[in-house]
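Data file: target28.cif. Format and content: mmCIF, C-alpha atoms.
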```cif
data_query
#
loop_
_atom_site.label_atom_id
_atom_site.label_comp_id
_atom_site.auth_asym_id
_atom_site.auth_seq_id
_atom_site.Cartn_x
_atom_site.Cartn_y
_atom_site.Cartn_z
CA MET A 96 -13.18 27.05 -1.04
CA PRO A 97 -16.74 25.79 -0.96
CA GLN A 98 -17.92 24.85 -4.39
CA VAL A 99 -21.47 24.05 -5.27
CA GLU A 100 -21.82 20.40 -6.04
CA ARG A 101 -23.90 19.71 -9.05
CA PRO A 102 -26.41 16.89 -8.61
CA GLU A 103 -25.12 14.90 -11.58
CA GLU A 104 -21.73 14.63 -9.93
CA SER A 105 -23.08 12.59 -7.08
CA GLN A 106 -24.51 10.09 -9.53
CA GLU A 107 -21.14 9.28 -11.01
CA GLY A 108 -20.59 6.82 -8.21
CA GLN A 109 -17.65 6.36 -5.92
CA LEU A 110 -14.96 7.33 -8.39
CA GLY A 111 -16.57 10.68 -9.10
CA GLN A 112 -17.01 11.26 -5.41
CA GLU A 113 -13.36 10.53 -4.66
CA LYS A 114 -12.29 12.80 -7.46
CA GLY A 115 -14.55 15.50 -6.04
CA GLN A 116 -13.04 15.11 -2.59
CA LEU A 117 -9.52 15.22 -3.97
CA SER A 118 -10.16 18.40 -5.89
CA HIS A 119 -11.88 19.92 -2.86
CA GLU A 120 -8.81 19.10 -0.79
CA ILE A 121 -6.47 20.54 -3.43
CA GLN A 122 -8.53 23.73 -3.59
CA ARG A 123 -8.43 24.04 0.17
CA LYS A 124 -4.64 23.75 0.24
CA ILE A 125 -4.14 26.15 -2.63
CA GLY A 126 -6.38 28.66 -0.85
CA GLN A 127 -4.37 28.29 2.35
CA GLN A 128 -1.06 28.67 0.54
CA LEU A 129 -2.27 31.73 -1.31
CA ARG A 130 -3.39 33.41 1.90
CA ALA A 131 -0.17 32.42 3.67
CA MET A 132 1.94 33.87 0.87
CA TYR A 133 -0.09 37.07 0.92
CA THR A 134 -0.02 37.38 4.72
CA ASP A 135 3.75 36.97 4.68
CA VAL A 136 4.04 40.20 2.71
CA VAL A 137 1.37 42.00 4.74
CA ASN A 138 3.33 41.16 7.89
CA GLU A 139 6.35 43.02 6.55
CA GLY A 140 4.42 46.17 7.41
CA VAL A 141 5.21 49.55 5.86
CA PRO A 142 8.75 49.85 4.47
CA ASP A 143 10.40 53.16 5.38
CA ARG A 144 10.44 54.38 1.80
CA PHE A 145 6.65 54.66 1.74
CA ALA A 146 6.32 56.41 5.07
CA GLU A 147 9.02 58.82 3.90
CA LEU A 148 7.36 59.32 0.54
CA LEU A 149 4.04 60.27 2.09
CA SER A 150 5.51 62.67 4.61
CA ARG A 151 7.57 64.26 1.81
CA LEU A 152 4.43 64.75 -0.27
CA ASP A 153 2.64 66.13 2.74
CA LYS A 154 5.41 68.65 3.43
CA GLN A 155 5.54 69.70 -0.21
CA ASP A 156 1.85 70.47 -0.15
CA LYS A 157 2.11 72.52 3.01
CA LYS A 158 4.77 74.79 1.57
CA MET V 40 -4.15 70.40 -2.14
CA ASN V 41 -3.56 69.85 1.50
CA ALA V 42 -4.29 66.27 2.45
CA PRO V 43 -5.87 65.86 5.84
CA ASN V 44 -3.82 63.72 8.19
CA ASP V 45 -6.41 60.99 8.27
CA VAL V 46 -6.08 60.58 4.50
CA ARG V 47 -2.35 60.17 4.80
CA GLY V 48 -2.89 57.75 7.66
CA ALA V 49 -5.39 55.74 5.64
CA MET V 50 -2.97 55.57 2.71
CA LEU V 51 -0.17 54.43 4.96
CA ALA V 52 -2.41 51.83 6.58
CA ALA V 53 -3.23 50.40 3.17
CA VAL V 54 0.41 49.93 2.17
CA PRO V 55 0.98 46.42 3.59
CA ASN V 56 -2.06 45.06 1.73
CA LEU V 57 -1.20 46.97 -1.44
CA ARG V 58 2.28 45.47 -1.41
CA ALA V 59 0.92 41.97 -0.89
CA PHE V 60 -1.46 42.49 -3.81
CA ALA V 61 1.36 43.82 -5.99
CA VAL V 62 3.77 41.00 -5.12
CA SER V 63 1.09 38.40 -5.85
CA LEU V 64 0.26 40.10 -9.14
CA CYS V 65 3.76 40.50 -10.54
CA GLY V 66 5.77 37.91 -8.59
CA ASP V 67 8.65 40.28 -8.01
CA VAL V 68 9.23 42.29 -4.84
CA ASP V 69 11.20 45.16 -6.40
CA ARG V 70 8.70 45.68 -9.14
CA ALA V 71 5.88 45.41 -6.60
CA ASN V 72 7.43 48.20 -4.54
CA ASP V 73 7.64 50.36 -7.65
CA LEU V 74 3.99 49.67 -8.38
CA VAL V 75 3.03 50.70 -4.86
CA GLN V 76 5.14 53.85 -5.07
CA GLU V 77 3.57 54.85 -8.37
CA THR V 78 0.12 54.09 -6.92
CA LEU V 79 0.70 56.37 -3.94
CA LEU V 80 2.00 59.17 -6.17
CA ARG V 81 -0.98 58.91 -8.49
CA ALA V 82 -3.43 58.71 -5.61
CA TRP V 83 -1.86 61.75 -4.01
CA SER V 84 -2.16 63.83 -7.14
CA HIS V 85 -5.77 62.72 -7.64
CA LEU V 86 -6.99 63.02 -4.07
CA ASP V 87 -9.81 65.21 -5.30
CA SER V 88 -11.31 62.18 -7.05
CA PHE V 89 -11.39 60.19 -3.82
CA GLU V 90 -14.80 60.31 -2.23
CA PRO V 91 -14.43 60.82 1.51
CA GLY V 92 -16.15 58.11 3.49
CA THR V 93 -15.57 55.47 0.83
CA ASN V 94 -13.03 52.70 1.13
CA MET V 95 -9.52 54.14 0.74
CA SER V 96 -8.02 50.69 0.39
CA ALA V 97 -10.35 49.72 -2.48
CA TRP V 98 -9.59 53.00 -4.21
CA LEU V 99 -5.84 52.42 -4.00
CA PHE V 100 -6.25 48.81 -5.17
CA THR V 101 -8.09 50.12 -8.22
CA ILE V 102 -5.28 52.52 -9.05
CA LEU V 103 -2.63 49.85 -8.59
CA ARG V 104 -4.55 47.34 -10.63
CA ASN V 105 -5.06 49.78 -13.52
CA HIS V 106 -1.42 50.80 -13.45
CA PHE V 107 -0.31 47.16 -13.46
CA ARG V 108 -2.57 46.35 -16.43
CA THR V 109 -1.31 49.32 -18.44
CA GLU V 110 2.28 48.41 -17.69
CA TYR V 111 1.63 44.77 -18.48
CA ARG V 112 0.24 45.61 -21.91
CA LYS V 113 3.10 48.00 -22.61
CA ARG V 114 5.72 45.45 -21.64
CA ARG V 115 4.09 42.76 -23.67
CA ARG V 116 4.18 44.97 -26.75
CA GLU V 117 7.74 46.01 -26.17
CA VAL V 118 9.19 42.57 -25.81
CA GLU V 119 6.68 40.75 -27.99
CA ASP V 120 6.50 38.20 -25.33
CA ALA V 121 4.49 35.07 -25.66
CA ASP V 122 2.97 33.42 -22.61
CA GLY V 123 5.56 32.23 -20.22
CA GLY V 124 8.73 33.90 -21.44
CA TYR V 125 8.14 36.95 -19.33
CA ALA V 126 6.95 34.95 -16.36
CA GLU V 127 10.01 32.77 -16.70
CA ARG V 128 12.34 35.74 -16.34
CA LEU V 129 10.36 37.17 -13.46
CA THR V 130 10.75 33.99 -11.52
CA SER V 131 14.44 33.59 -12.22
CA PRO V 132 16.41 33.18 -8.99
CA GLU V 133 17.61 36.80 -9.16
CA ALA V 134 14.06 38.11 -9.38
CA GLN V 135 12.92 36.22 -6.34
CA THR V 136 13.58 37.39 -2.88
CA GLY V 137 13.04 35.15 0.08
CA HIS V 138 9.90 33.14 0.59
CA ILE V 139 11.30 30.15 -1.22
CA GLU V 140 8.49 27.97 0.04
CA PHE V 141 5.98 29.83 -2.09
CA GLY V 142 8.06 29.74 -5.26
CA GLU V 143 5.96 27.05 -6.86
CA LEU V 144 2.72 28.87 -6.17
CA ARG V 145 4.13 32.18 -7.41
CA LYS V 146 5.26 30.64 -10.65
CA ALA V 147 1.88 29.01 -11.13
CA LEU V 148 0.11 32.32 -10.45
CA LEU V 149 2.16 34.02 -13.15
CA ARG V 150 0.94 31.49 -15.67
CA LEU V 151 -2.66 32.58 -15.16
CA PRO V 152 -4.03 35.27 -17.45
CA PRO V 153 -3.86 38.59 -15.53
CA ASP V 154 -7.64 38.96 -15.31
CA GLN V 155 -7.94 35.59 -13.59
CA ARG V 156 -4.92 36.22 -11.42
CA GLU V 157 -6.16 39.55 -10.07
CA ALA V 158 -9.65 38.16 -9.43
CA LEU V 159 -8.30 35.19 -7.50
CA ILE V 160 -6.01 37.34 -5.35
CA LEU V 161 -8.68 39.93 -4.56
CA ILE V 162 -11.19 37.26 -3.53
CA GLY V 163 -8.96 34.52 -2.18
CA ALA V 164 -6.33 36.58 -0.37
CA SER V 165 -7.18 40.27 -0.04
CA GLY V 166 -10.60 39.43 1.35
CA PHE V 167 -12.69 41.71 -0.87
CA SER V 168 -16.28 40.77 -1.59
CA TYR V 169 -17.25 39.82 -5.14
CA GLU V 170 -18.97 43.20 -5.44
CA GLU V 171 -15.87 45.12 -4.33
CA ALA V 172 -13.61 43.07 -6.61
CA ALA V 173 -15.96 43.75 -9.52
CA ARG V 174 -15.71 47.49 -8.87
CA ILE V 175 -11.91 47.32 -8.62
CA CYS V 176 -11.65 45.40 -11.91
CA ASP V 177 -14.45 47.37 -13.55
CA CYS V 178 -16.47 44.34 -14.58
CA ALA V 179 -19.62 42.45 -13.63
CA VAL V 180 -19.86 40.41 -10.43
CA GLY V 181 -20.56 37.28 -12.49
CA THR V 182 -17.39 37.88 -14.47
CA ILE V 183 -15.33 37.98 -11.27
CA LYS V 184 -16.95 34.74 -10.11
CA SER V 185 -16.18 32.91 -13.32
CA ARG V 186 -12.61 34.26 -13.42
CA VAL V 187 -12.01 33.07 -9.86
CA ASN V 188 -13.37 29.62 -10.70
CA ARG V 189 -11.23 29.34 -13.80
CA ALA V 190 -8.18 30.55 -11.90
CA ARG V 191 -8.71 27.93 -9.19
CA ALA V 192 -9.16 25.14 -11.68
CA LYS V 193 -6.09 26.16 -13.65
CA LEU V 194 -3.91 26.51 -10.54
CA ALA V 195 -4.95 23.08 -9.35
CA GLU V 196 -4.09 21.67 -12.73
CA ILE V 197 -0.66 23.30 -12.87
CA LEU V 198 0.26 22.44 -9.32
CA THR V 199 -0.93 18.86 -9.29
CA ILE V 200 0.64 17.95 -12.61
CA GLU V 201 3.93 19.59 -11.79
CA GLY V 202 3.87 18.31 -8.25
CA ALA V 203 3.51 14.79 -9.64
CA GLU V 204 6.32 15.32 -12.14
CA GLY V 205 8.53 16.65 -9.39
CA LEU V 206 7.85 13.52 -7.38
CA GLU V 207 8.83 11.31 -10.26
CA ARG V 208 12.07 13.12 -10.84
CA ARG V 209 13.00 13.33 -7.22
CA PRO V 210 11.34 10.49 -5.39
CA ASP V 211 13.78 11.05 -2.54
CA LEU V 212 12.33 14.45 -1.87
CA GLY V 213 8.68 13.59 -2.01
CA VAL V 214 7.66 17.14 -1.31
CA ASN V 215 5.52 19.44 -3.34
CA LEU V 216 3.05 22.17 -2.72
CA LEU V 217 0.24 19.81 -1.93
CA THR V 218 2.05 17.67 0.56
CA SER V 219 4.27 20.26 2.15
CA ARG V 220 3.36 22.10 5.29
CA VAL V 221 0.46 24.45 5.25
CA VAL V 222 0.92 27.57 7.32
#
```

Would you mind writing the structure in this file as structure tokens?
Amino acid sequence: MPQVERPEESQEGQLGQEKGQLSHEIQRKIGQQLRAMYTDVVNEGVPDRFAELLSRLDKQDKK
Amino acid sequence: MNAPNDVRGAMLAAVPNLRAFAVSLCGDVDRANDLVQETLLRAWSHLDSFEPGTNMSAWLFTILRNHFRTEYRKRRREVEDADGGYAERLTSPEAQTGHIEFGELRKALLRLPPDQREALILIGASGFSYEEAARICDCAVGTIKSRVNRARAKLAEILTIEGAEGLERRPDLGVNLLTSRVV
């Protein structure tokens, strides 16, 4: 996740910079994990119950 | 009303993403499926309020999000639950199905306030733009941005602190979210 670096952060010296890099790295991993978790569910596709539900609703309406 | 086939098709096509959104929001697969079912039923009975040519997926996300928020408030009132108690039960072993490797992240997500949680998921996982997410959550674009930033900061805090504690308790394992594999 790109985050805008504020100018004062770069003046905090090496420690601040390392801290910034660490948090950038943490954010990157959290972002990846979040997307991976999400994609896992997306990849399960459409469970039968939902396909059945929609075709049932469709049939009801056509009656 | 007779729904044209392409509407039904578009609803069906949105289901995998809707489910992923619901699971990430509530941390529980069964409850997520119920949320999706209720969303489809509501959408179906309000098809006349869907503007053809607009984004079906965003419309369904809006319905699911509103339903989740209403339910969340109702449940909170009913059980007079303070932060955490509810989340704790949701993430009990019985409530979780599969996907053990994301357990830590799911638990951490549930500790975020719902407005931050939904914003983070919509932007960070569902791939909506800030503008679309703002429409789904009925708030300003700037509000979404600040919620996402707060959510990210809070997640990092939860996961790094607890990751470190986990390491202390189980130095033999030496695994936590931040060092384990990234898919």

* Asked: Taking all atoms listed in the file into account, which residues of chain V are within 6 Å of chain A, as a VMD selection string?
  -> chain V and resid 41 55 to 56 59 164

* Output of the PyMOL selection byres ((chain V and resi 53) around 12), listed as a ChimeraX atom specification -> /A:137,140-141,145-146 /V:46-52,54-60,75,78-79,94-100,103,165

* Asked: Which distance in Å separates atom CA of Ala71 of chain V and atom CA of Glu143 of chain V, to one decimal?
  -> 18.4 Å

In file coordinates, which residues lie within 12 Å of (-15.7, 49.5, -10.4) using only C-alpha atoms, given as a PDB file with C-alpha atoms, keeping the file's coordinate frame?
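Output file point17.pdb is given in full below:
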```pdb
ATOM      1  CA  ALA V  97     -10.350  49.720  -2.480  1.00  0.00           C
ATOM      2  CA  TRP V  98      -9.590  53.000  -4.210  1.00  0.00           C
ATOM      3  CA  PHE V 100      -6.250  48.810  -5.170  1.00  0.00           C
ATOM      4  CA  THR V 101      -8.090  50.120  -8.220  1.00  0.00           C
ATOM      5  CA  ILE V 102      -5.280  52.520  -9.050  1.00  0.00           C
ATOM      6  CA  ARG V 104      -4.550  47.340 -10.630  1.00  0.00           C
ATOM      7  CA  ASN V 105      -5.060  49.780 -13.520  1.00  0.00           C
ATOM      8  CA  TYR V 169     -17.250  39.820  -5.140  1.00  0.00           C
ATOM      9  CA  GLU V 170     -18.970  43.200  -5.440  1.00  0.00           C
ATOM     10  CA  GLU V 171     -15.870  45.120  -4.330  1.00  0.00           C
ATOM     11  CA  ALA V 172     -13.610  43.070  -6.610  1.00  0.00           C
ATOM     12  CA  ALA V 173     -15.960  43.750  -9.520  1.00  0.00           C
ATOM     13  CA  ARG V 174     -15.710  47.490  -8.870  1.00  0.00           C
ATOM     14  CA  ILE V 175     -11.910  47.320  -8.620  1.00  0.00           C
ATOM     15  CA  CYS V 176     -11.650  45.400 -11.910  1.00  0.00           C
ATOM     16  CA  ASP V 177     -14.450  47.370 -13.550  1.00  0.00           C
ATOM     17  CA  CYS V 178     -16.470  44.340 -14.580  1.00  0.00           C
ATOM     18  CA  ALA V 179     -19.620  42.450 -13.630  1.00  0.00           C
ATOM     19  CA  VAL V 180     -19.860  40.410 -10.430  1.00  0.00           C
ATOM     20  CA  ILE V 183     -15.330  37.980 -11.270  1.00  0.00           C
TER      21      ILE V 183
END
```

* To do: Work out how far apart atom CA of Arg108 of chain V and atom CA of Arg156 of chain V are and give it in Å to one decimal.
  =>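 For atom CA of Arg108 of chain V relative to atom CA of Arg156 of chain V, the distance reads 11.5 Å.
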
* Grab the atom CA of Asp69 of chain V to atom CA of Leu161 of chain V distance for me, in Å with one decimal place. =>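 For atom CA of Asp69 of chain V relative to atom CA of Leu161 of chain V, the distance reads 20.6 Å.
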